[in-house]
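Remarks on the structure that follows.
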Amino acid sequence: MEQALTFIYQFFNYSILVYAVAISLSYLGLSLISYFALRNHLRRNSFINFRSILSSPLSPPVSLIAPAFNEESNIVDNVRSLLSIHYPKYEVVIVNDGSKDSSLQKLVEAFHLEAVSFAVNYKIACKEIKAIYKSRNPAYRNLIVVDKVNGGKADALNSGINIASGKYIACIDVDCVLEPDSLLRMVKPFMDESKTKVIASGGVIRIANSCRIENGRLIEIRLPEQLLPRFQVLEYIRAFLLGRMAWGRMNGLLLISGAFGLFDKEIVIACGGYDHKTVGEDMELVVRMRSYMTSFKQKYKVTFIPDPLCWTEAPYNYKILGRQRNRWTRGTIETLRFHKKMFFNPSFGILGLVSYPYWFFFEWLAPLIEFCGVLYCLLLAAFGDLSLYIFLLLLGCVYTFAMVVSTFAIWVDQQTYRQYREPFAHTRLFVTALLEPLWFHPFVVWHAVRGNIDYMRGKKAWGTMTRAGFAAAQKGKK
Amino acid sequence: MNVAYLSIASFTASFCGYSFEGTELALLLIIFTNILLVVMLLLWLYASKLMAKAREARHNRLTAFYENLVSSYLEEKNARKSIMQKLHQQLTSKERARLLVNVIILYKGNFSGEYGQSLNELFTSLDLHRYSMRKLRSAKWNKRAEGIQELTRMTIRDAAPDLVKFLDARERDVRMLAVSALAELSGYDALNYIEERNYELSEWEQLVLLERFLSLPKANVPDVARLLRSQNDSLVLLALHLVKHLNQYHAGAEVILLLRHSNVKVKLLAIEAAAALLLTECIPVLVQVFPSENRTVQVSIIGTMGEIGSSNDIDFIIEQVNSGDHEIALKGLEAIGKIEPSAIRTMAQSGTGELQKLIAHAADSRL
């Protein structure tokens with residue numbers, strides 16, 4: 001009996017050791033792939049004149065779809081910002097998802113909107129569209145406002161897709177600030193390939209807290225003054241520049257951020273659009289599109305643009321951040337469950353053999369394993385079986401390794417985009433990296449665990465995501 | 001990528017109570033290596049920041065100096081020889097040569113005519129074109145790309161034959177630059193080179209080529225009808241764009257043949273080109289192929305019939321409107337509205353609620 005217990009104990013120990021080494025190596029591998037891919041991308045970009053698209057009759061039409069729910073405080077400025085993007089053929093489709101405030105009235109007044117006789121073709125199922133508005137003013141001729149019954153973000157996006165006339169659809173959060181040339185850069189990968197179809201493209205999302213934004217335009221980039229958004233800056237740099245860049249390079253990207261992504265409309269419609277049943281609709285759509293292309297044996301690509309194209313406001317308090325992380329966890333579980341047939345399925349190529357298992361083991365299971373480890377550790381300590389010396393040494397190993405990856409991310413940012421040019425910005429980021437595993441990380445793990453519990457309880461709600469708004473933040477500062 | 005998902009506690013706990021031979025040393029070594037890596041990265045980061053700052057200052061200083069000299073070269077014709085000597089003396093390193101090339105290219109972008117010509121003379125007199133040509137032989141693709149770009153921006157037309165080989169380069173970006181360079185340097189003659197190319201033209205390359213060709217004088221437009229018979233579909237697409245935008249009416253017969261092409265993209269563009277060229281004789285072909293086409297092509301056919309059709313085609317279009325497909329019906333109603341607006345009014349009076357919605361949509365000029 002004792003021998004069996006020892007065996008189980010040792011098996012557990014070595015499994016965890018293998019797991020920890022595998023996850024660490026995967027971070028190192030992804031970081032290195034990203035760095036070289038980034039360097040290559042920057043070199044390639046230096047030879048491209050994106051302005052060619054502006055004057056060409058061949059520029060593909062794009063529909064920007066932005067769902068809005070109770071956004072009355074900023075919606076007019078946000079729409080103005082979207083209407084000022086540099087792109088020759090685009091329309092902005094704002095979907096008022098049954099807002100209870102005066103979002104719609106504000107839009108109607110600001111842009112001289114009037115209802116039009118739009119015969120909607122419900123190619124994808126969505127809640128009833130009550131009315132569609134266009135402007136009397138020719139200056140706003142590329143603006144369409146859809147007023148519909150509330151159905152959530154996925155449903156609002158589906159309504160927008162039903163209305164959109166562009167060949168490509170850019171799904172964005174209405175409160176994001178897009179760089180003026182973001183569409184020019186996003187469209188390029190779709191036009192690059194002659195034999196492989198690009199079905200979707202994602203861009204880097206950057207955090208705009210404390211940045212100077214005027215009239216919906218980013219004027220000055222600053223590192224967030226508050227610690228919580230600064231943790232997220234570091235996290236986003238790692239996630240986008242070191243993580244997704246590598247997955248994009250390997251054509252193994254599973255997630256395009258809901259804040260800004262460009263999709264081939266035909267494929268999105270063929271797949272049935274966004275899924276209403278999940279809170280991780282952005283990830284689920286990409287996985288479904290990939291699954292669709294694989295099932296038809298078509299060569300395809302999901303690309304990633306590392307240029308900072310979209311700026312968003314990160315949660316500024318722990319309550320909202322907790323809700324966001326809880327939802328992300330539930331979205332991940334739902335997507336992995338919906339597409340479980342991909343798990344180590346060689347017919348899906350890199351998606352089935354690498355991307356899906358990576359998400360399964362290192363994105364979904366990691367916080368659970370970590371949480372169980374904490375409990376186990378406490379249990380050992382309670383029984384006096386904890387070797388404090390070895391414990392501290394191992395903790396030191398993991399902590400310093402986390403520092404290596406975070407410092408590498410800061411270094412990569414400096415070597416490539418040099419976004420933060422304020423004095424001591426990198427020092428502040430490094431100090432943030434020192435604090436992150438002690439403060440921010442446990443918080444994220446706890447909410448991921450809660451996400452798992454909520455998922456098992458059948459929680460489907462998005463949870464309210466309140467944002468201070470850029471304008472409010474600016475005023476507050478003055 | 002959440003770096004701290006390292007299962008800190010579980011990893012730690014897994015070894016609790018154990019004391020392997022050498023484990024402590026190994027762990028200490030890992031910690032030490034990690035700290036060393038962090039320190040090195042930080043030093044590199046701060047050093048590169050300082051170096052970048054110094055480099056930027058040096059570049060700004062040199063660029064301002066070269067700008068001064070190049071401006072003087074353009075304005076003071078009598079002093080050109082001495083200025084050229086000064087500039088020649090400056091070419092002591094690759095970095096300086098690159099900065100000078102950048103300044104000349106910048107000026108070339110801003111000036112044409114006599115000044116543009118003078119800048120070209122300066123570029124060649126300083127042997128900078130050789131410097132760019134040397135880059136074409138580099139093993140690094142980005143150096144070759146730089147060379148192609150410099151020669152293009154300085155419109156060194158003699159370099160065109162040297163660039164042809166890059167049309168089939170292994171690197172996509174070099175191929176793209178070669179396509180755009182040949183269009184810039186050789187105008188429509190680039191089509192002859194591109195015709196021999198092994199790779200298909202990407203949409204981006206087609207866009208760049210079309211942009212360039214549309215900016216050329218209309219008097220020298222060659223007959224691109226022969227390209228419509230190419231086996232290379234991407235070349236056919238480019239030719240169709242040219243036929244459509246340059247109004248090459250004499251290519252009508254070839255365009256009509258392409259309405260039966262196996263490639264859907266070619267077929268769709270041929271349908272558009274037929275409308276642009278007002279090829280009314282293509283309508284019987286369109287009606288004939290209509291039933292066997294997919295919906296996208298059918299919508300496009302109806303759209304073209306709206307542009308060039310006559311009252312004889314109304315019955316066919318009405319038949320399609322009644323087919324029950326939303327997109328086809330809407331396009332059909334728009335087409336009928338263009339050909340015979342009175343027919344729309346009649347349909348509106350007798351139509352069902354759904355049809356009336358579609359008619360209202362088709363008639364709304366804001367949509």
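Ordering of the structure tokens sets the chain letters (A, B, ...); residue numbers start at 1 within each chain; ligands are numbered from 1 in the order shown.
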Find the residues in chain A near chain B: any atom within 7 Å counts, using only C-alpha atoms. Write them as a PDB file with N, CA, C and O atoms, in the first residue's frame.
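The resulting file, iface37.pdb, is shown below:
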```pdb
ATOM      1  N   ASN A  13       4.604  14.033  -8.914  1.00  0.00           N
ATOM      2  CA  ASN A  13       5.732  14.973  -8.900  1.00  0.00           C
ATOM      3  C   ASN A  13       6.353  15.129 -10.273  1.00  0.00           C
ATOM      4  O   ASN A  13       6.562  16.234 -10.762  1.00  0.00           O
ATOM      5  N   ILE A  16       4.150  16.872 -12.889  1.00  0.00           N
ATOM      6  CA  ILE A  16       4.145  18.323 -12.716  1.00  0.00           C
ATOM      7  C   ILE A  16       5.470  18.918 -13.202  1.00  0.00           C
ATOM      8  O   ILE A  16       5.481  19.977 -13.838  1.00  0.00           O
ATOM      9  N   LEU A  17       6.551  18.199 -12.942  1.00  0.00           N
ATOM     10  CA  LEU A  17       7.861  18.685 -13.399  1.00  0.00           C
ATOM     11  C   LEU A  17       7.871  18.779 -14.928  1.00  0.00           C
ATOM     12  O   LEU A  17       8.267  19.799 -15.495  1.00  0.00           O
ATOM     13  N   ALA A  20       5.707  21.693 -16.038  1.00  0.00           N
ATOM     14  CA  ALA A  20       6.333  23.002 -15.813  1.00  0.00           C
ATOM     15  C   ALA A  20       7.457  23.251 -16.806  1.00  0.00           C
ATOM     16  O   ALA A  20       7.585  24.356 -17.344  1.00  0.00           O
ATOM     17  N   ILE A  23       5.831  23.925 -20.294  1.00  0.00           N
ATOM     18  CA  ILE A  23       5.233  25.269 -20.422  1.00  0.00           C
ATOM     19  C   ILE A  23       6.328  26.335 -20.514  1.00  0.00           C
ATOM     20  O   ILE A  23       6.234  27.278 -21.299  1.00  0.00           O
ATOM     21  N   ARG A  43      10.968  44.553 -41.436  1.00  0.00           N
ATOM     22  CA  ARG A  43      11.766  44.723 -42.659  1.00  0.00           C
ATOM     23  C   ARG A  43      10.849  44.755 -43.876  1.00  0.00           C
ATOM     24  O   ARG A  43      10.986  45.602 -44.745  1.00  0.00           O
ATOM     25  N   ARG A  44       9.929  43.795 -43.923  1.00  0.00           N
ATOM     26  CA  ARG A  44       9.023  43.710 -45.078  1.00  0.00           C
ATOM     27  C   ARG A  44       8.178  44.959 -45.195  1.00  0.00           C
ATOM     28  O   ARG A  44       7.981  45.493 -46.283  1.00  0.00           O
ATOM     29  N   SER A  52      -0.818  52.920 -51.653  1.00  0.00           N
ATOM     30  CA  SER A  52      -1.251  52.462 -52.990  1.00  0.00           C
ATOM     31  C   SER A  52      -2.726  52.084 -52.953  1.00  0.00           C
ATOM     32  O   SER A  52      -3.441  52.248 -53.945  1.00  0.00           O
ATOM     33  N   SER A  56      -6.283  53.220 -55.452  1.00  0.00           N
ATOM     34  CA  SER A  56      -6.522  52.147 -56.430  1.00  0.00           C
ATOM     35  C   SER A  56      -7.999  51.778 -56.565  1.00  0.00           C
ATOM     36  O   SER A  56      -8.714  51.686 -55.563  1.00  0.00           O
ATOM     37  N   LEU A  58      -8.849  48.966 -57.207  1.00  0.00           N
ATOM     38  CA  LEU A  58      -8.921  47.558 -56.774  1.00  0.00           C
ATOM     39  C   LEU A  58      -8.982  47.381 -55.262  1.00  0.00           C
ATOM     40  O   LEU A  58      -8.982  46.258 -54.773  1.00  0.00           O
ATOM     41  N   SER A 117     -35.492  52.452 -46.186  1.00  0.00           N
ATOM     42  CA  SER A 117     -36.262  51.223 -46.459  1.00  0.00           C
ATOM     43  C   SER A 117     -35.316  50.081 -46.783  1.00  0.00           C
ATOM     44  O   SER A 117     -35.202  49.654 -47.929  1.00  0.00           O
ATOM     45  N   PHE A 118     -34.596  49.618 -45.810  1.00  0.00           N
ATOM     46  CA  PHE A 118     -33.605  48.556 -46.036  1.00  0.00           C
ATOM     47  C   PHE A 118     -34.285  47.199 -45.887  1.00  0.00           C
ATOM     48  O   PHE A 118     -34.813  46.880 -44.831  1.00  0.00           O
ATOM     49  N   ALA A 119     -34.300  46.432 -46.964  1.00  0.00           N
ATOM     50  CA  ALA A 119     -34.877  45.076 -46.883  1.00  0.00           C
ATOM     51  C   ALA A 119     -33.770  44.142 -46.422  1.00  0.00           C
ATOM     52  O   ALA A 119     -32.876  43.800 -47.183  1.00  0.00           O
ATOM     53  N   ASN A 121     -31.590  41.056 -45.468  1.00  0.00           N
ATOM     54  CA  ASN A 121     -31.462  39.654 -45.841  1.00  0.00           C
ATOM     55  C   ASN A 121     -30.843  38.932 -44.640  1.00  0.00           C
ATOM     56  O   ASN A 121     -29.653  39.092 -44.372  1.00  0.00           O
ATOM     57  N   MET A 191      -4.532  40.489 -49.644  1.00  0.00           N
ATOM     58  CA  MET A 191      -4.219  40.702 -51.056  1.00  0.00           C
ATOM     59  C   MET A 191      -2.865  40.104 -51.444  1.00  0.00           C
ATOM     60  O   MET A 191      -2.502  40.103 -52.612  1.00  0.00           O
ATOM     61  N   ASP A 192      -2.130  39.632 -50.447  1.00  0.00           N
ATOM     62  CA  ASP A 192      -0.775  39.145 -50.700  1.00  0.00           C
ATOM     63  C   ASP A 192      -0.732  37.777 -51.336  1.00  0.00           C
ATOM     64  O   ASP A 192       0.162  37.465 -52.107  1.00  0.00           O
ATOM     65  N   GLU A 193      -1.672  36.954 -50.948  1.00  0.00           N
ATOM     66  CA  GLU A 193      -1.586  35.543 -51.327  1.00  0.00           C
ATOM     67  C   GLU A 193      -2.297  35.289 -52.643  1.00  0.00           C
ATOM     68  O   GLU A 193      -3.366  35.838 -52.894  1.00  0.00           O
ATOM     69  N   SER A 194      -1.700  34.437 -53.478  1.00  0.00           N
ATOM     70  CA  SER A 194      -2.401  34.105 -54.716  1.00  0.00           C
ATOM     71  C   SER A 194      -2.963  32.682 -54.665  1.00  0.00           C
ATOM     72  O   SER A 194      -3.923  32.366 -55.339  1.00  0.00           O
ATOM     73  N   GLU A 235       1.154  42.577 -19.780  1.00  0.00           N
ATOM     74  CA  GLU A 235       0.501  41.328 -20.173  1.00  0.00           C
ATOM     75  C   GLU A 235       0.171  41.334 -21.674  1.00  0.00           C
ATOM     76  O   GLU A 235       0.377  40.347 -22.379  1.00  0.00           O
ATOM     77  N   ARG A 238       3.260  40.940 -23.862  1.00  0.00           N
ATOM     78  CA  ARG A 238       3.658  39.535 -23.907  1.00  0.00           C
ATOM     79  C   ARG A 238       2.708  38.733 -24.790  1.00  0.00           C
ATOM     80  O   ARG A 238       3.125  37.965 -25.654  1.00  0.00           O
ATOM     81  N   ALA A 239       1.417  38.952 -24.562  1.00  0.00           N
ATOM     82  CA  ALA A 239       0.418  38.145 -25.272  1.00  0.00           C
ATOM     83  C   ALA A 239       0.460  38.399 -26.773  1.00  0.00           C
ATOM     84  O   ALA A 239       0.409  37.458 -27.567  1.00  0.00           O
ATOM     85  N   GLY A 243       3.312  36.153 -28.027  1.00  0.00           N
ATOM     86  CA  GLY A 243       2.457  34.977 -28.160  1.00  0.00           C
ATOM     87  C   GLY A 243       1.820  34.883 -29.535  1.00  0.00           C
ATOM     88  O   GLY A 243       2.181  34.057 -30.361  1.00  0.00           O
ATOM     89  N   ALA A 366      -3.776  25.423 -16.935  1.00  0.00           N
ATOM     90  CA  ALA A 366      -2.693  25.982 -16.121  1.00  0.00           C
ATOM     91  C   ALA A 366      -3.175  26.628 -14.822  1.00  0.00           C
ATOM     92  O   ALA A 366      -2.660  26.299 -13.754  1.00  0.00           O
ATOM     93  N   PRO A 367      -4.165  27.521 -14.875  1.00  0.00           N
ATOM     94  CA  PRO A 367      -4.575  28.123 -13.592  1.00  0.00           C
ATOM     95  C   PRO A 367      -5.171  27.112 -12.621  1.00  0.00           C
ATOM     96  O   PRO A 367      -4.995  27.240 -11.407  1.00  0.00           O
ATOM     97  N   ILE A 369      -4.324  23.880 -12.364  1.00  0.00           N
ATOM     98  CA  ILE A 369      -3.203  23.115 -11.798  1.00  0.00           C
ATOM     99  C   ILE A 369      -2.488  23.960 -10.746  1.00  0.00           C
ATOM    100  O   ILE A 369      -2.147  23.487  -9.659  1.00  0.00           O
ATOM    101  N   GLU A 370      -2.314  25.222 -11.092  1.00  0.00           N
ATOM    102  CA  GLU A 370      -1.622  26.114 -10.169  1.00  0.00           C
ATOM    103  C   GLU A 370      -2.396  26.258  -8.863  1.00  0.00           C
ATOM    104  O   GLU A 370      -1.815  26.213  -7.769  1.00  0.00           O
ATOM    105  N   CYS A 372      -4.572  24.167  -7.613  1.00  0.00           N
ATOM    106  CA  CYS A 372      -4.505  22.900  -6.857  1.00  0.00           C
ATOM    107  C   CYS A 372      -3.152  22.784  -6.164  1.00  0.00           C
ATOM    108  O   CYS A 372      -3.056  22.297  -5.030  1.00  0.00           O
ATOM    109  N   GLY A 373      -2.109  23.262  -6.848  1.00  0.00           N
ATOM    110  CA  GLY A 373      -0.761  23.227  -6.281  1.00  0.00           C
ATOM    111  C   GLY A 373      -0.663  24.042  -5.002  1.00  0.00           C
ATOM    112  O   GLY A 373      -0.023  23.635  -4.037  1.00  0.00           O
ATOM    113  N   VAL A 374      -1.324  25.200  -5.022  1.00  0.00           N
ATOM    114  CA  VAL A 374      -1.314  26.066  -3.832  1.00  0.00           C
ATOM    115  C   VAL A 374      -1.953  25.314  -2.666  1.00  0.00           C
ATOM    116  O   VAL A 374      -1.403  25.287  -1.549  1.00  0.00           O
ATOM    117  N   TYR A 376      -2.279  22.093  -2.284  1.00  0.00           N
ATOM    118  CA  TYR A 376      -1.441  20.950  -1.950  1.00  0.00           C
ATOM    119  C   TYR A 376      -0.264  21.401  -1.073  1.00  0.00           C
ATOM    120  O   TYR A 376       0.098  20.776  -0.078  1.00  0.00           O
ATOM    121  N   CYS A 377       0.279  22.546  -1.473  1.00  0.00           N
ATOM    122  CA  CYS A 377       1.405  23.124  -0.755  1.00  0.00           C
ATOM    123  C   CYS A 377       1.006  23.452   0.689  1.00  0.00           C
ATOM    124  O   CYS A 377       1.743  23.161   1.641  1.00  0.00           O
ATOM    125  N   ASP A 385       5.382  18.623   6.104  1.00  0.00           N
ATOM    126  CA  ASP A 385       6.165  17.904   5.093  1.00  0.00           C
ATOM    127  C   ASP A 385       6.837  18.840   4.089  1.00  0.00           C
ATOM    128  O   ASP A 385       7.393  18.388   3.093  1.00  0.00           O
ATOM    129  N   LEU A 386       6.738  20.121   4.306  1.00  0.00           N
ATOM    130  CA  LEU A 386       7.256  21.083   3.317  1.00  0.00           C
ATOM    131  C   LEU A 386       8.717  21.414   3.615  1.00  0.00           C
ATOM    132  O   LEU A 386       9.045  21.837   4.719  1.00  0.00           O
ATOM    133  N   SER A 387       9.532  21.176   2.609  1.00  0.00           N
ATOM    134  CA  SER A 387      10.931  21.570   2.771  1.00  0.00           C
ATOM    135  C   SER A 387      11.041  23.021   2.321  1.00  0.00           C
ATOM    136  O   SER A 387      10.986  23.319   1.128  1.00  0.00           O
ATOM    137  N   ILE A 390      13.881  23.989  -0.281  1.00  0.00           N
ATOM    138  CA  ILE A 390      13.622  23.597  -1.673  1.00  0.00           C
ATOM    139  C   ILE A 390      12.458  24.414  -2.232  1.00  0.00           C
ATOM    140  O   ILE A 390      12.482  24.847  -3.389  1.00  0.00           O
ATOM    141  N   PHE A 391      11.469  24.636  -1.396  1.00  0.00           N
ATOM    142  CA  PHE A 391      10.301  25.425  -1.813  1.00  0.00           C
ATOM    143  C   PHE A 391      10.758  26.803  -2.311  1.00  0.00           C
ATOM    144  O   PHE A 391      10.368  27.252  -3.392  1.00  0.00           O
ATOM    145  N   LEU A 393      13.737  27.743  -3.251  1.00  0.00           N
ATOM    146  CA  LEU A 393      14.582  27.647  -4.444  1.00  0.00           C
ATOM    147  C   LEU A 393      13.734  27.491  -5.709  1.00  0.00           C
ATOM    148  O   LEU A 393      13.970  28.142  -6.730  1.00  0.00           O
ATOM    149  N   LEU A 394      12.728  26.619  -5.622  1.00  0.00           N
ATOM    150  CA  LEU A 394      11.846  26.408  -6.783  1.00  0.00           C
ATOM    151  C   LEU A 394      11.059  27.669  -7.107  1.00  0.00           C
ATOM    152  O   LEU A 394      10.903  28.045  -8.266  1.00  0.00           O
ATOM    153  N   LEU A 395      10.603  28.305  -6.048  1.00  0.00           N
ATOM    154  CA  LEU A 395       9.864  29.564  -6.241  1.00  0.00           C
ATOM    155  C   LEU A 395      10.762  30.591  -6.941  1.00  0.00           C
ATOM    156  O   LEU A 395      10.340  31.286  -7.866  1.00  0.00           O
ATOM    157  N   GLY A 396      12.017  30.627  -6.492  1.00  0.00           N
ATOM    158  CA  GLY A 396      12.995  31.545  -7.094  1.00  0.00           C
ATOM    159  C   GLY A 396      13.200  31.231  -8.566  1.00  0.00           C
ATOM    160  O   GLY A 396      13.261  32.134  -9.399  1.00  0.00           O
ATOM    161  N   CYS A 397      13.263  29.942  -8.891  1.00  0.00           N
ATOM    162  CA  CYS A 397      13.441  29.535 -10.295  1.00  0.00           C
ATOM    163  C   CYS A 397      12.296  30.072 -11.148  1.00  0.00           C
ATOM    164  O   CYS A 397      12.505  30.662 -12.209  1.00  0.00           O
ATOM    165  N   VAL A 398      11.094  29.820 -10.670  1.00  0.00           N
ATOM    166  CA  VAL A 398       9.918  30.193 -11.462  1.00  0.00           C
ATOM    167  C   VAL A 398       9.785  31.714 -11.547  1.00  0.00           C
ATOM    168  O   VAL A 398       9.500  32.264 -12.612  1.00  0.00           O
ATOM    169  N   THR A 400      12.165  34.004 -11.278  1.00  0.00           N
ATOM    170  CA  THR A 400      13.188  34.609 -12.138  1.00  0.00           C
ATOM    171  C   THR A 400      12.934  34.261 -13.613  1.00  0.00           C
ATOM    172  O   THR A 400      13.220  35.062 -14.491  1.00  0.00           O
ATOM    173  N   PHE A 401      12.354  33.079 -13.852  1.00  0.00           N
ATOM    174  CA  PHE A 401      12.034  32.741 -15.243  1.00  0.00           C
ATOM    175  C   PHE A 401      10.943  33.691 -15.778  1.00  0.00           C
ATOM    176  O   PHE A 401      11.015  34.164 -16.911  1.00  0.00           O
ATOM    177  N   ALA A 402       9.961  33.966 -14.919  1.00  0.00           N
ATOM    178  CA  ALA A 402       8.913  34.916 -15.306  1.00  0.00           C
ATOM    179  C   ALA A 402       9.533  36.279 -15.617  1.00  0.00           C
ATOM    180  O   ALA A 402       9.126  36.959 -16.571  1.00  0.00           O
ATOM    181  N   MET A 403      10.548  36.642 -14.854  1.00  0.00           N
ATOM    182  CA  MET A 403      11.239  37.910 -15.096  1.00  0.00           C
ATOM    183  C   MET A 403      11.937  37.901 -16.449  1.00  0.00           C
ATOM    184  O   MET A 403      11.924  38.894 -17.172  1.00  0.00           O
ATOM    185  N   VAL A 404      12.533  36.752 -16.771  1.00  0.00           N
ATOM    186  CA  VAL A 404      13.245  36.651 -18.061  1.00  0.00           C
ATOM    187  C   VAL A 404      12.260  36.912 -19.200  1.00  0.00           C
ATOM    188  O   VAL A 404      12.518  37.727 -20.093  1.00  0.00           O
ATOM    189  N   VAL A 405      11.098  36.244 -19.143  1.00  0.00           N
ATOM    190  CA  VAL A 405      10.132  36.383 -20.244  1.00  0.00           C
ATOM    191  C   VAL A 405       9.594  37.824 -20.300  1.00  0.00           C
ATOM    192  O   VAL A 405       9.513  38.418 -21.378  1.00  0.00           O
ATOM    193  N   THR A 407      11.012  40.589 -19.151  1.00  0.00           N
ATOM    194  CA  THR A 407      12.062  41.525 -19.577  1.00  0.00           C
ATOM    195  C   THR A 407      12.305  41.380 -21.076  1.00  0.00           C
ATOM    196  O   THR A 407      12.519  42.366 -21.777  1.00  0.00           O
ATOM    197  N   PHE A 408      12.243  40.148 -21.553  1.00  0.00           N
ATOM    198  CA  PHE A 408      12.416  39.924 -22.990  1.00  0.00           C
ATOM    199  C   PHE A 408      11.304  40.646 -23.774  1.00  0.00           C
ATOM    200  O   PHE A 408      11.561  41.256 -24.806  1.00  0.00           O
ATOM    201  N   TRP A 411      12.064  44.249 -23.814  1.00  0.00           N
ATOM    202  CA  TRP A 411      13.198  44.434 -24.725  1.00  0.00           C
ATOM    203  C   TRP A 411      12.729  44.385 -26.188  1.00  0.00           C
ATOM    204  O   TRP A 411      13.124  45.223 -27.016  1.00  0.00           O
ATOM    205  N   PRO A 437       4.043  38.845 -10.657  1.00  0.00           N
ATOM    206  CA  PRO A 437       3.774  37.490 -10.144  1.00  0.00           C
ATOM    207  C   PRO A 437       3.292  37.483  -8.695  1.00  0.00           C
ATOM    208  O   PRO A 437       2.698  36.512  -8.239  1.00  0.00           O
ATOM    209  N   HIS A 441      -0.805  38.396 -10.857  1.00  0.00           N
ATOM    210  CA  HIS A 441      -0.977  37.013 -11.300  1.00  0.00           C
ATOM    211  C   HIS A 441      -1.902  36.189 -10.398  1.00  0.00           C
ATOM    212  O   HIS A 441      -2.819  35.524 -10.907  1.00  0.00           O
TER     213      HIS A 441
END
```
**OP:** Show which residues sit within 7 Å of range 74-86 of chain A, as a list in words. Count only C-alpha atoms, and ignore same-chain residues fewer than 6 positions away.
**Re:**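 The filter keeps Val92, Ser103, Lys106, Leu107, Ala110, Val174, Asp175, Pro180, Asp181, Asn215, Gly216, Arg217 and Gly469 of chain A.
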**OP:** Might you pull out every residue within 6 Å of Ala170 in chain A, with only C-alpha atoms counted and same-chain residues fewer than 5 positions away left off, and present them as a PyMOL selection string?
**Re:** chain A and resi 64-65+261-262
Quick one: everything within 8 Å of range 53-70 of chain B, counting only C-alpha atoms, minus sequence neighbours fewer than 4 positions away in the same chain. Send it as a short mmCIF file (atom, residue, chain, number, x, y, z; two decimals) with N, CA and C atoms, in the first residue's frame.
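Result went into around09.cif, see below:
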```
data_model
loop_
_atom_site.label_atom_id
_atom_site.label_comp_id
_atom_site.auth_asym_id
_atom_site.auth_seq_id
_atom_site.Cartn_x
_atom_site.Cartn_y
_atom_site.Cartn_z
N LYS B 49 18.92 51.85 -26.14
CA LYS B 49 18.19 53.12 -26.10
C LYS B 49 19.15 54.29 -26.27
N LEU B 74 21.09 72.01 -56.33
CA LEU B 74 19.97 72.27 -57.23
C LEU B 74 19.87 73.76 -57.59
N ILE B 83 30.29 71.27 -55.04
CA ILE B 83 29.36 70.59 -54.12
C ILE B 83 29.47 69.08 -54.31
N LEU B 87 30.33 66.25 -51.63
CA LEU B 87 29.47 65.07 -51.38
C LEU B 87 30.26 63.79 -51.57
N ARG B 96 26.81 56.56 -44.38
CA ARG B 96 26.74 57.90 -44.98
C ARG B 96 26.14 57.82 -46.38
N LEU B 99 22.44 57.42 -46.09
CA LEU B 99 21.76 58.66 -45.71
C LEU B 99 21.67 59.63 -46.89
N LEU B 100 22.76 59.69 -47.66
CA LEU B 100 22.77 60.58 -48.82
C LEU B 100 21.74 60.09 -49.86
N VAL B 103 18.36 61.12 -48.79
CA VAL B 103 18.09 62.56 -49.00
C VAL B 103 17.76 62.80 -50.48
N ILE B 104 18.57 62.21 -51.36
CA ILE B 104 18.33 62.44 -52.80
C ILE B 104 16.97 61.86 -53.20
#
```
Original post:
Between A:Tyr417, A:Tyr300, A:Trp359, A:Tyr236, which one has atoms that come closest to Thr196 in chain A, using only C-alpha atoms?
Top reply: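 Of A:Tyr417, A:Tyr300, A:Trp359, A:Tyr236, the one nearest Thr196 in chain A is A:Tyr300, counting only C-alpha atoms.
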Original post:
Contacts of range 263-278 of chain B at 8 Å or less, counting only C-alpha atoms, minus same-chain residues fewer than 5 places along, as a ChimeraX atom specification?
Top reply: /B:233,236-237,240-241,243-244,247-249,252,255-256,258,297,300-301,304-305,307-308
**OP:** Using DSSP on the backbone coordinates, identify all residues within range 123-298 of chain B classified as alpha helix (DSSP H); present the result as a PyMOL selection string.
**Re:** chain B and resi 123-125+128-135+141-153+160-163+172-186+190-195+203-215+233-245+252-258+264-276+283-289+295-298
Original post:
Could you state the separation of CA of Phe260 in chain A and CA of Ile205 in chain A in Å, given to one decimal place?
Top reply: 7.6 Å
**OP:** Within 10 Å of Phe338 in chain A, counting only C-alpha atoms, which residues show up once you throw out same-chain ones fewer than 3 positions away? Write them as a PyMOL selection string, please.
**Re:** chain A and resi 278+284+287-288+332-335+341-342
